[in-house]
Structures are given as C-alpha cells and as structure tokens.
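Visitor: This is the content of final-v8.pdb (PDB, C-alpha atoms and all ligand atoms):
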```pdb
ATOM      1  CA  MET C   1     -18.421  -7.196   5.425  1.00  0.00           C
ATOM      2  CA  SER C   2     -19.594  -8.698   2.132  1.00  0.00           C
ATOM      3  CA  GLU C   3     -18.887 -12.308   1.161  1.00  0.00           C
ATOM      4  CA  THR C   4     -16.447 -11.062  -1.520  1.00  0.00           C
ATOM      5  CA  GLN C   5     -14.537  -8.972   1.017  1.00  0.00           C
ATOM      6  CA  ALA C   6     -14.371 -11.823   3.536  1.00  0.00           C
ATOM      7  CA  ARG C   7     -13.148 -14.257   0.865  1.00  0.00           C
ATOM      8  CA  ALA C   8     -10.511 -11.824  -0.420  1.00  0.00           C
ATOM      9  CA  LYS C   9      -9.294 -11.149   3.101  1.00  0.00           C
ATOM     10  CA  GLN C  10      -8.914 -14.856   3.844  1.00  0.00           C
ATOM     11  CA  ILE C  11      -6.977 -15.485   0.627  1.00  0.00           C
ATOM     12  CA  VAL C  12      -4.589 -12.602   1.436  1.00  0.00           C
ATOM     13  CA  LEU C  13      -4.129 -13.790   5.041  1.00  0.00           C
ATOM     14  CA  ASP C  14      -3.444 -17.381   3.958  1.00  0.00           C
ATOM     15  CA  GLY C  15      -1.235 -16.223   1.080  1.00  0.00           C
ATOM     16  CA  TYR C  16       1.111 -14.240   3.316  1.00  0.00           C
ATOM     17  CA  ALA C  17       1.077 -16.941   6.001  1.00  0.00           C
ATOM     18  CA  LYS C  18       2.450 -19.318   3.362  1.00  0.00           C
ATOM     19  CA  ALA C  19       4.538 -17.056   1.156  1.00  0.00           C
ATOM     20  CA  SER C  20       5.633 -13.970   3.094  1.00  0.00           C
ATOM     21  CA  HIS C  21       9.325 -14.871   2.654  1.00  0.00           C
ATOM     22  CA  ALA C  22       8.845 -15.771  -0.990  1.00  0.00           C
ATOM     23  CA  TYR C  23       7.387 -12.309  -1.564  1.00  0.00           C
ATOM     24  CA  ARG C  24      10.168 -10.476   0.270  1.00  0.00           C
ATOM     25  CA  GLY C  25      13.285 -11.621   2.110  1.00  0.00           C
ATOM     26  CA  ASP C  26      14.848 -10.070   5.192  1.00  0.00           C
ATOM     27  CA  ALA C  27      17.049  -7.812   3.063  1.00  0.00           C
ATOM     28  CA  PHE C  28      16.211  -5.530   0.139  1.00  0.00           C
ATOM     29  CA  GLU C  29      18.404  -3.321  -2.037  1.00  0.00           C
ATOM     30  CA  LEU C  30      16.411  -0.129  -2.542  1.00  0.00           C
ATOM     31  CA  GLU C  31      18.634   1.562  -5.092  1.00  0.00           C
ATOM     32  CA  GLY C  32      17.892   0.304  -8.570  1.00  0.00           C
ATOM     33  CA  SER C  33      14.468  -0.971  -7.464  1.00  0.00           C
ATOM     34  CA  GLY C  34      11.175   0.494  -8.648  1.00  0.00           C
ATOM     35  CA  TYR C  35      10.576   1.917  -5.167  1.00  0.00           C
ATOM     36  CA  ALA C  36      13.557   4.302  -5.160  1.00  0.00           C
ATOM     37  CA  HIS C  37      12.195   6.919  -7.566  1.00  0.00           C
ATOM     38  CA  TRP C  38       8.811   7.138  -5.861  1.00  0.00           C
ATOM     39  CA  LEU C  39      10.214   7.312  -2.345  1.00  0.00           C
ATOM     40  CA  ARG C  40      12.459  10.191  -3.463  1.00  0.00           C
ATOM     41  CA  ARG C  41       9.440  12.004  -4.935  1.00  0.00           C
ATOM     42  CA  PHE C  42       7.491  11.412  -1.699  1.00  0.00           C
ATOM     43  CA  ALA C  43      10.402  12.745   0.378  1.00  0.00           C
ATOM     44  CA  ALA C  44      10.556  15.863  -1.796  1.00  0.00           C
ATOM     45  CA  LEU C  45       6.918  16.675  -0.974  1.00  0.00           C
ATOM     46  CA  VAL C  46       6.409  15.482   2.613  1.00  0.00           C
ATOM     47  CA  PRO C  47       8.395  17.416   5.230  1.00  0.00           C
ATOM     48  CA  ALA C  48      10.925  15.527   7.344  1.00  0.00           C
ATOM     49  CA  GLY C  49       9.750  14.621  10.840  1.00  0.00           C
ATOM     50  CA  ALA C  50       6.076  14.387   9.806  1.00  0.00           C
ATOM     51  CA  ALA C  51       3.727  11.535  10.692  1.00  0.00           C
ATOM     52  CA  VAL C  52       3.486   9.123   7.761  1.00  0.00           C
ATOM     53  CA  LEU C  53       1.355   6.024   7.192  1.00  0.00           C
ATOM     54  CA  ASP C  54       2.600   2.954   5.290  1.00  0.00           C
ATOM     55  CA  LEU C  55      -0.627   1.227   4.270  1.00  0.00           C
ATOM     56  CA  GLY C  56      -0.233  -2.484   3.567  1.00  0.00           C
ATOM     57  CA  CYS C  57       3.340  -2.258   4.798  1.00  0.00           C
ATOM     58  CA  GLY C  58       4.219  -5.937   4.363  1.00  0.00           C
ATOM     59  CA  ASN C  59       7.425  -6.930   6.165  1.00  0.00           C
ATOM     60  CA  GLY C  60       8.505  -3.277   6.257  1.00  0.00           C
ATOM     61  CA  LEU C  61      11.116  -3.593   3.513  1.00  0.00           C
ATOM     62  CA  PRO C  62      11.921  -1.399   1.839  1.00  0.00           C
ATOM     63  CA  VAL C  63       9.245   1.250   2.396  1.00  0.00           C
ATOM     64  CA  ALA C  64       8.747   1.525   6.183  1.00  0.00           C
ATOM     65  CA  ARG C  65      12.472   1.098   6.766  1.00  0.00           C
ATOM     66  CA  GLU C  66      13.307   3.871   4.301  1.00  0.00           C
ATOM     67  CA  LEU C  67      10.587   6.200   5.589  1.00  0.00           C
ATOM     68  CA  ALA C  68      11.571   5.588   9.236  1.00  0.00           C
ATOM     69  CA  GLY C  69      14.894   7.323   8.613  1.00  0.00           C
ATOM     70  CA  ARG C  70      13.022  10.568   7.929  1.00  0.00           C
ATOM     71  CA  TYR C  71       9.497  10.324   9.368  1.00  0.00           C
ATOM     72  CA  ASP C  72       7.405   9.178  12.319  1.00  0.00           C
ATOM     73  CA  VAL C  73       6.087   6.009  10.653  1.00  0.00           C
ATOM     74  CA  THR C  74       3.001   3.918  11.360  1.00  0.00           C
ATOM     75  CA  GLY C  75       2.643   0.742   9.292  1.00  0.00           C
ATOM     76  CA  VAL C  76      -0.669  -1.075   8.864  1.00  0.00           C
ATOM     77  CA  ASP C  77      -1.011  -4.597   7.540  1.00  0.00           C
ATOM     78  CA  LEU C  78      -3.714  -7.239   7.599  1.00  0.00           C
ATOM     79  CA  SER C  79      -1.310 -10.141   7.985  1.00  0.00           C
ATOM     80  CA  PRO C  80       0.054 -11.009  11.444  1.00  0.00           C
ATOM     81  CA  VAL C  81       2.984 -12.725   9.735  1.00  0.00           C
ATOM     82  CA  GLN C  82       3.878  -9.569   7.816  1.00  0.00           C
ATOM     83  CA  VAL C  83       3.446  -7.345  10.882  1.00  0.00           C
ATOM     84  CA  GLY C  84       5.567  -9.658  13.033  1.00  0.00           C
ATOM     85  CA  ARG C  85       8.384  -9.476  10.504  1.00  0.00           C
ATOM     86  CA  ALA C  86       8.024  -5.708  10.113  1.00  0.00           C
ATOM     87  CA  ARG C  87       8.328  -5.179  13.881  1.00  0.00           C
ATOM     88  CA  ALA C  88      11.573  -7.166  13.906  1.00  0.00           C
ATOM     89  CA  LEU C  89      13.013  -5.635  10.722  1.00  0.00           C
ATOM     90  CA  VAL C  90      12.040  -1.991  11.302  1.00  0.00           C
ATOM     91  CA  PRO C  91      12.211  -1.299  15.052  1.00  0.00           C
ATOM     92  CA  LEU C  92      12.026   2.483  14.500  1.00  0.00           C
ATOM     93  CA  ALA C  93       8.434   2.340  13.220  1.00  0.00           C
ATOM     94  CA  ARG C  94       5.202   1.266  14.945  1.00  0.00           C
ATOM     95  CA  PHE C  95       3.013  -1.352  13.313  1.00  0.00           C
ATOM     96  CA  VAL C  96      -0.692  -2.088  13.610  1.00  0.00           C
ATOM     97  CA  CYS C  97      -2.199  -5.390  12.482  1.00  0.00           C
ATOM     98  CA  ALA C  98      -5.508  -4.299  10.950  1.00  0.00           C
ATOM     99  CA  ASP C  99      -7.623  -4.200   7.806  1.00  0.00           C
ATOM    100  CA  MET C 100      -7.078  -0.895   6.003  1.00  0.00           C
ATOM    101  CA  THR C 101     -10.789  -0.771   5.173  1.00  0.00           C
ATOM    102  CA  GLU C 102     -11.654  -0.784   8.889  1.00  0.00           C
ATOM    103  CA  VAL C 103      -8.709   0.699  10.846  1.00  0.00           C
ATOM    104  CA  GLU C 104      -9.435   4.056  12.496  1.00  0.00           C
ATOM    105  CA  PHE C 105      -7.156   7.093  12.639  1.00  0.00           C
ATOM    106  CA  PRO C 106      -8.095  10.631  13.670  1.00  0.00           C
ATOM    107  CA  PRO C 107      -8.844  12.988  10.786  1.00  0.00           C
ATOM    108  CA  ALA C 108      -5.822  14.855   9.367  1.00  0.00           C
ATOM    109  CA  SER C 109      -3.342  12.777  11.392  1.00  0.00           C
ATOM    110  CA  PHE C 110      -0.782  12.094   8.625  1.00  0.00           C
ATOM    111  CA  ALA C 111       1.180  14.361   6.267  1.00  0.00           C
ATOM    112  CA  GLY C 112       1.804  11.428   3.954  1.00  0.00           C
ATOM    113  CA  VAL C 113       0.353   8.016   3.114  1.00  0.00           C
ATOM    114  CA  ALA C 114       2.245   5.426   1.060  1.00  0.00           C
ATOM    115  CA  ALA C 115       0.365   2.390  -0.277  1.00  0.00           C
ATOM    116  CA  PHE C 116       2.692   0.328  -2.451  1.00  0.00           C
ATOM    117  CA  TYR C 117       1.005  -2.721  -4.046  1.00  0.00           C
ATOM    118  CA  SER C 118      -1.586  -3.058  -1.284  1.00  0.00           C
ATOM    119  CA  LEU C 119      -4.847  -1.421  -2.406  1.00  0.00           C
ATOM    120  CA  ILE C 120      -4.793  -4.027  -5.184  1.00  0.00           C
ATOM    121  CA  ASN C 121      -5.404  -6.813  -2.630  1.00  0.00           C
ATOM    122  CA  VAL C 122      -8.726  -5.205  -1.624  1.00  0.00           C
ATOM    123  CA  PRO C 123     -11.887  -5.884  -3.696  1.00  0.00           C
ATOM    124  CA  VAL C 124     -12.247  -3.025  -6.171  1.00  0.00           C
ATOM    125  CA  ALA C 125     -15.802  -2.273  -5.066  1.00  0.00           C
ATOM    126  CA  GLY C 126     -14.253  -0.789  -1.930  1.00  0.00           C
ATOM    127  CA  HIS C 127     -11.527   1.315  -3.557  1.00  0.00           C
ATOM    128  CA  ALA C 128     -13.474   4.587  -3.856  1.00  0.00           C
ATOM    129  CA  ALA C 129     -14.374   4.419  -0.155  1.00  0.00           C
ATOM    130  CA  LEU C 130     -10.795   3.498   0.741  1.00  0.00           C
ATOM    131  CA  LEU C 131      -9.527   6.598  -1.084  1.00  0.00           C
ATOM    132  CA  GLU C 132     -12.022   8.696   0.877  1.00  0.00           C
ATOM    133  CA  ARG C 133     -10.646   7.196   4.102  1.00  0.00           C
ATOM    134  CA  ILE C 134      -7.059   7.959   3.042  1.00  0.00           C
ATOM    135  CA  ALA C 135      -7.999  11.534   2.135  1.00  0.00           C
ATOM    136  CA  ALA C 136      -9.612  11.999   5.558  1.00  0.00           C
ATOM    137  CA  TRP C 137      -6.469  10.753   7.350  1.00  0.00           C
ATOM    138  CA  LEU C 138      -4.312  13.250   5.441  1.00  0.00           C
ATOM    139  CA  SER C 139      -3.816  16.760   6.688  1.00  0.00           C
ATOM    140  CA  PRO C 140      -4.691  19.434   4.099  1.00  0.00           C
ATOM    141  CA  GLY C 141      -1.743  19.685   1.713  1.00  0.00           C
ATOM    142  CA  GLY C 142      -0.665  16.140   2.635  1.00  0.00           C
ATOM    143  CA  HIS C 143       0.320  13.616  -0.020  1.00  0.00           C
ATOM    144  CA  VAL C 144      -0.627  10.056  -0.914  1.00  0.00           C
ATOM    145  CA  LEU C 145       1.438   7.753  -3.092  1.00  0.00           C
ATOM    146  CA  ALA C 146      -0.393   4.655  -4.286  1.00  0.00           C
ATOM    147  CA  THR C 147       0.163   1.773  -6.668  1.00  0.00           C
ATOM    148  CA  VAL C 148      -3.123   1.240  -8.508  1.00  0.00           C
ATOM    149  CA  GLY C 149      -4.295  -0.592 -11.623  1.00  0.00           C
ATOM    150  CA  ARG C 150      -3.615   0.405 -15.203  1.00  0.00           C
ATOM    151  CA  ASP C 151      -6.292  -1.922 -16.531  1.00  0.00           C
ATOM    152  CA  ALA C 152      -9.265  -3.357 -14.679  1.00  0.00           C
ATOM    153  CA  TRP C 153      -8.737  -6.907 -13.458  1.00  0.00           C
ATOM    154  CA  THR C 154      -9.831  -9.103 -10.556  1.00  0.00           C
ATOM    155  CA  GLY C 155      -8.576 -12.615  -9.988  1.00  0.00           C
ATOM    156  CA  VAL C 156      -6.674 -15.103  -7.901  1.00  0.00           C
ATOM    157  CA  GLU C 157      -3.124 -16.192  -8.653  1.00  0.00           C
ATOM    158  CA  GLU C 158      -2.498 -19.845  -7.801  1.00  0.00           C
ATOM    159  CA  ASN C 159       0.862 -21.164  -6.521  1.00  0.00           C
ATOM    160  CA  TRP C 160       1.678 -17.547  -5.846  1.00  0.00           C
ATOM    161  CA  ARG C 161       5.359 -16.611  -5.915  1.00  0.00           C
ATOM    162  CA  GLY C 162       6.138 -20.227  -6.767  1.00  0.00           C
ATOM    163  CA  VAL C 163       4.926 -21.531  -3.404  1.00  0.00           C
ATOM    164  CA  PRO C 164       2.764 -24.645  -3.918  1.00  0.00           C
ATOM    165  CA  GLY C 165      -0.731 -24.073  -2.526  1.00  0.00           C
ATOM    166  CA  ALA C 166      -0.211 -20.364  -1.873  1.00  0.00           C
ATOM    167  CA  ARG C 167      -2.795 -18.076  -3.485  1.00  0.00           C
ATOM    168  CA  MET C 168      -3.144 -14.328  -3.824  1.00  0.00           C
ATOM    169  CA  TYR C 169      -6.177 -12.175  -4.498  1.00  0.00           C
ATOM    170  CA  TYR C 170      -5.901  -9.111  -6.750  1.00  0.00           C
ATOM    171  CA  SER C 171      -8.517  -6.544  -7.689  1.00  0.00           C
ATOM    172  CA  GLN C 172      -8.002  -3.303  -9.562  1.00  0.00           C
ATOM    173  CA  ALA C 173      -9.826  -0.775 -11.702  1.00  0.00           C
ATOM    174  CA  SER C 174      -8.386   1.092 -14.688  1.00  0.00           C
ATOM    175  CA  VAL C 175      -6.167   4.102 -14.128  1.00  0.00           C
ATOM    176  CA  HIS C 176      -8.899   6.253 -15.744  1.00  0.00           C
ATOM    177  CA  GLN C 177     -11.267   5.162 -12.991  1.00  0.00           C
ATOM    178  CA  TYR C 178      -8.695   5.904 -10.285  1.00  0.00           C
ATOM    179  CA  ARG C 179      -8.211   9.417 -11.664  1.00  0.00           C
ATOM    180  CA  GLU C 180     -11.948   9.985 -11.129  1.00  0.00           C
ATOM    181  CA  TRP C 181     -11.957   8.424  -7.651  1.00  0.00           C
ATOM    182  CA  PHE C 182      -8.936  10.482  -6.588  1.00  0.00           C
ATOM    183  CA  ALA C 183     -10.621  13.681  -7.755  1.00  0.00           C
ATOM    184  CA  ALA C 184     -13.870  12.742  -5.996  1.00  0.00           C
ATOM    185  CA  ALA C 185     -11.923  12.217  -2.747  1.00  0.00           C
ATOM    186  CA  GLY C 186     -10.311  15.677  -3.055  1.00  0.00           C
ATOM    187  CA  LEU C 187      -6.944  14.206  -4.049  1.00  0.00           C
ATOM    188  CA  GLU C 188      -5.273  16.180  -6.833  1.00  0.00           C
ATOM    189  CA  ILE C 189      -2.829  14.074  -8.846  1.00  0.00           C
ATOM    190  CA  VAL C 190       0.565  15.771  -9.048  1.00  0.00           C
ATOM    191  CA  GLU C 191       2.521  12.954 -10.705  1.00  0.00           C
ATOM    192  CA  GLU C 192       1.608   9.754 -12.469  1.00  0.00           C
ATOM    193  CA  GLY C 193       3.817   6.904 -13.592  1.00  0.00           C
ATOM    194  CA  ARG C 194       4.237   3.197 -14.023  1.00  0.00           C
ATOM    195  CA  GLU C 195       5.554   0.714 -11.519  1.00  0.00           C
ATOM    196  CA  PRO C 196       7.911  -1.005 -11.995  1.00  0.00           C
ATOM    197  CA  ARG C 197       9.241   1.782 -14.170  1.00  0.00           C
ATOM    198  CA  GLU C 198      10.879  -0.815 -16.395  1.00  0.00           C
ATOM    199  CA  GLY C 199       9.357  -4.181 -17.104  1.00  0.00           C
ATOM    200  CA  ASN C 200       5.861  -5.119 -15.927  1.00  0.00           C
ATOM    201  CA  PRO C 201       3.484  -2.418 -17.141  1.00  0.00           C
ATOM    202  CA  GLY C 202       0.644  -3.775 -15.026  1.00  0.00           C
ATOM    203  CA  TYR C 203       0.366  -0.942 -12.508  1.00  0.00           C
ATOM    204  CA  ALA C 204       0.126   2.808 -12.354  1.00  0.00           C
ATOM    205  CA  VAL C 205       1.490   4.943  -9.531  1.00  0.00           C
ATOM    206  CA  LEU C 206      -0.413   8.050  -8.525  1.00  0.00           C
ATOM    207  CA  LEU C 207       1.101  10.726  -6.312  1.00  0.00           C
ATOM    208  CA  ALA C 208      -1.568  13.151  -5.158  1.00  0.00           C
ATOM    209  CA  ARG C 209      -2.120  16.080  -2.798  1.00  0.00           C
ATOM    210  CA  ARG C 210      -5.098  16.526  -0.524  1.00  0.00           C
ATOM    211  CA  ASN C 211      -6.653  19.867  -1.240  1.00  0.00           C
ATOM    212  CA  GLY C 212      -8.572  21.988   1.235  1.00  0.00           C
TER     213      GLY C 212
HETATM  214  C1  LIG U   1       2.216  -6.986  -2.176  1.00  0.00           C
HETATM  215  S1  LIG U   1       2.385  -6.633  -0.461  1.00  0.00           S
HETATM  216  C2  LIG U   1       3.204  -5.052  -0.495  1.00  0.00           C
HETATM  217  C3  LIG U   1       3.953  -4.784   0.770  1.00  0.00           C
HETATM  218  C4  LIG U   1       4.716  -3.460   0.757  1.00  0.00           C
HETATM  219  N1  LIG U   1       3.821  -2.324   0.628  1.00  0.00           N
HETATM  220  C5  LIG U   1       5.719  -3.477  -0.347  1.00  0.00           C
HETATM  221  O1  LIG U   1       5.540  -2.798  -1.364  1.00  0.00           O
HETATM  222  O2  LIG U   1       6.712  -4.209  -0.219  1.00  0.00           O
HETATM  223  C6  LIG U   1       0.720  -6.190  -0.030  1.00  0.00           C
HETATM  224  C7  LIG U   1       0.523  -6.098   1.473  1.00  0.00           C
HETATM  225  O3  LIG U   1      -0.763  -5.531   1.717  1.00  0.00           O
HETATM  226  C8  LIG U   1      -1.345  -6.224   2.791  1.00  0.00           C
HETATM  227  N2  LIG U   1      -2.807  -6.102   2.703  1.00  0.00           N
HETATM  228  C9  LIG U   1      -3.611  -6.667   1.778  1.00  0.00           C
HETATM  229  N3  LIG U   1      -4.897  -6.376   2.034  1.00  0.00           N
HETATM  230  C10 LIG U   1      -4.886  -5.601   3.144  1.00  0.00           C
HETATM  231  C11 LIG U   1      -5.910  -4.969   3.912  1.00  0.00           C
HETATM  232  N4  LIG U   1      -7.202  -5.094   3.594  1.00  0.00           N
HETATM  233  N5  LIG U   1      -5.550  -4.245   4.986  1.00  0.00           N
HETATM  234  C12 LIG U   1      -4.239  -4.116   5.335  1.00  0.00           C
HETATM  235  N6  LIG U   1      -3.237  -4.696   4.646  1.00  0.00           N
HETATM  236  C13 LIG U   1      -3.552  -5.428   3.570  1.00  0.00           C
HETATM  237  C14 LIG U   1      -0.866  -7.654   2.637  1.00  0.00           C
HETATM  238  O4  LIG U   1      -0.973  -8.393   3.835  1.00  0.00           O
HETATM  239  C15 LIG U   1       0.572  -7.439   2.174  1.00  0.00           C
HETATM  240  O5  LIG U   1       1.474  -7.421   3.239  1.00  0.00           O
END
```
Please express what this file holds, its structure, as structure tokens.
Ligand SMILES: C[S@@+](CC[C@H](N)C(=O)[O-])C[C@H]1O[C@@H](n2cnc3c(N)ncnc32)[C@H](O)[C@@H]1O
Guide:
Amino acid sequence: MSETQARAKQIVLDGYAKASHAYRGDAFELEGSGYAHWLRRFAALVPAGAAVLDLGCGNGLPVARELAGRYDVTGVDLSPVQVGRARALVPLARFVCADMTEVEFPPASFAGVAAFYSLINVPVAGHAALLERIAAWLSPGGHVLATVGRDAWTGVEENWRGVPGARMYYSQASVHQYREWFAAAGLEIVEEGREPREGNPGYAVLLARRNG
C-alpha cells in the first residue's frame, strides 16, 4: 500500500470513529432523499432475491436496509464503527469490515453492486483498478450503481460534519474520466445523473451493466 493510500485510509478510519453519528443517525427517511430514485432504478434492473454488494455501506442506512428487503445483501466497510452500527441497524444483511481495494470475493458472485459516496474516499489513483475489481465481482449482465466525481478534486475536509477535530479524505476524477474507466472495465453505462438530484452538483451517479 502506498503512503497516500495508507494516509487516506487512516483519515477515513479516524473520521468515522469521531463523526459516524454526525454523518448519519440511527434513522433515515428514504423517500424524498437523493437515494430513492437510484435505488428504484437499481431494483428495476437487478432481479429480486439476487446477491447484492453494498460497497462502503456506512451504518447501513438507508441503502443496505432498503436492499435487504429485496436482496441477499453483503455490506463492506473499512470502519469498524460503521460496521458495528450497520450490524445492529440492519440485522437482515451480513457485513464485512474490510478495505474495498483489498477485500476478496469470488468472480461473478453478485448481480448488483451499489457504492454510494464511498469510492470518493479512496485515492483516485486506485479508482480504475477498483472498477476492474467491481466488474469482476459482477455476474455478466449484472449492474453497478456508483457515486463518482463530476470534477476532479482531492482534498481533506477539516472539522468534518461540524465535529471539531474530525477530518475526511476525498478523491475523485472527472465524470469524463469515469466514463472511460467504466468502459475499460467492461461496464456499459445505462444511466447517468447527478446526486443529490437537487442541490449539490458535486457528484455524478453512473448506473452500468457488466457486458460479456
Ligand atoms: C460517505 S459514507 C457513505 C455510506 C453509505 N454508502 C451511504 O451512502 O450512506 C462512505 C463510507 O465508505 C467507507 N469507506 C471509505 N473508504 C473505504 C474503503 N477503502 N473500503 C471500504 N469502505 C470504505 C467509509 O468508512 C464510510 O462508511
């Protein structure tokens, strides 16, 4: 692991140890949130009962909880604090505390992968490889839904979420770059949008199908 990766990982771990609750409480109203549209689109494409991966699942709300009503859900998160909360809040899913750049799953083991606001905590130099990993975990015809950058930016937010001393690491490429990386990984984009759909224009959402 490079020095940049190790530093980013430590900032994310410390950030969620300090500010997990400030990021997300123990309740979340899905309807009216930016997640609702994309989870409906995901559900329209990924068959009920399938194995689905929630990558960077946080405390499980709202994504793992929503998916667990329809799918066999595995959540992965780097932060033991986030995973501990997810296990308590979403007992129907299984959760693995691991780095998404290192965790191993058998090839073609998921029909869907959701990665809301989590790739953007990983140094951008690793994003192309991460997309290759995601594509390999998907069965042919499977779908990935990911929040990615609109514009390239890497930095650290201080006093993150208003918590004194909490920091968060962000790293993203431009959406043009992601379109190329998705194509290179064999992921054909079927829908593209902004997240949140109203307000902050800082992210793009890409919904893509694994070909072949
Ligand atoms: C902004 S939160 C989003 C949580 C959830 N997906 C949501 O939308 O509510 C990002 C999550 O990704 C996790 N994360 C960041 N880097 C990670 C990595 N390398 N491997 C696994 N999880 C990671 C963080 O611990 C955090 O819980």
Visitor: Figure out the distance between atom CA of Glu191 of chain C and atom CA of Ala27 of chain C, please, to one decimal in Å.
Guide: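 Answer for the atom CA of Ala27 of chain C to atom CA of Glu191 of chain C separation: 28.8 Å.
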Visitor: Compute the set of protein, DNA and RNA residues whose minimum atom distance to ligand LIG 1 (chain U) is at most 6 Å, using only C-alpha atoms and all ligand atoms, and state it as a PyMOL selection string.
Guide: chain C and resi 56-58+61+76-79+82+98-101+115-118+121-122
Visitor: Please determine, counting all atoms listed in the file, which residue among C:Gly15, C:Pro106, C:Gly112, C:Pro91 has the shortest atom-to-atom distance to Tyr169 of chain C.
Guide: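 Smallest separation from Tyr169 of chain C among the options: C:Gly15.
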Visitor: On this structure, which residues satisfy the PyMOL selection byres (((chain C and resi 151) around 7) and not hetatm), written as number ranges by chain?
Guide: C: 149-150, 152-153, 173-175
Visitor: One decimal, in Å: what's the spacing between atom CA of Gly32 of chain C and atom CA of Arg194 of chain C?
Guide: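 Result for atom CA of Gly32 of chain C versus atom CA of Arg194 of chain C: 15.0 Å, one decimal.
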Visitor: Check the smallest atom-to-atom distance from each of C:Gly126, C:Gly49, C:Gly193, C:Gly84 to His37 of chain C using all atoms listed in the file, then report the winner.
Guide: C:Gly193
Visitor: Go ahead and compute the interatomic distance for atom CA of Glu102 of chain C and atom CA of Ala51 of chain C, in Å to one decimal.
Guide: 19.8 Å
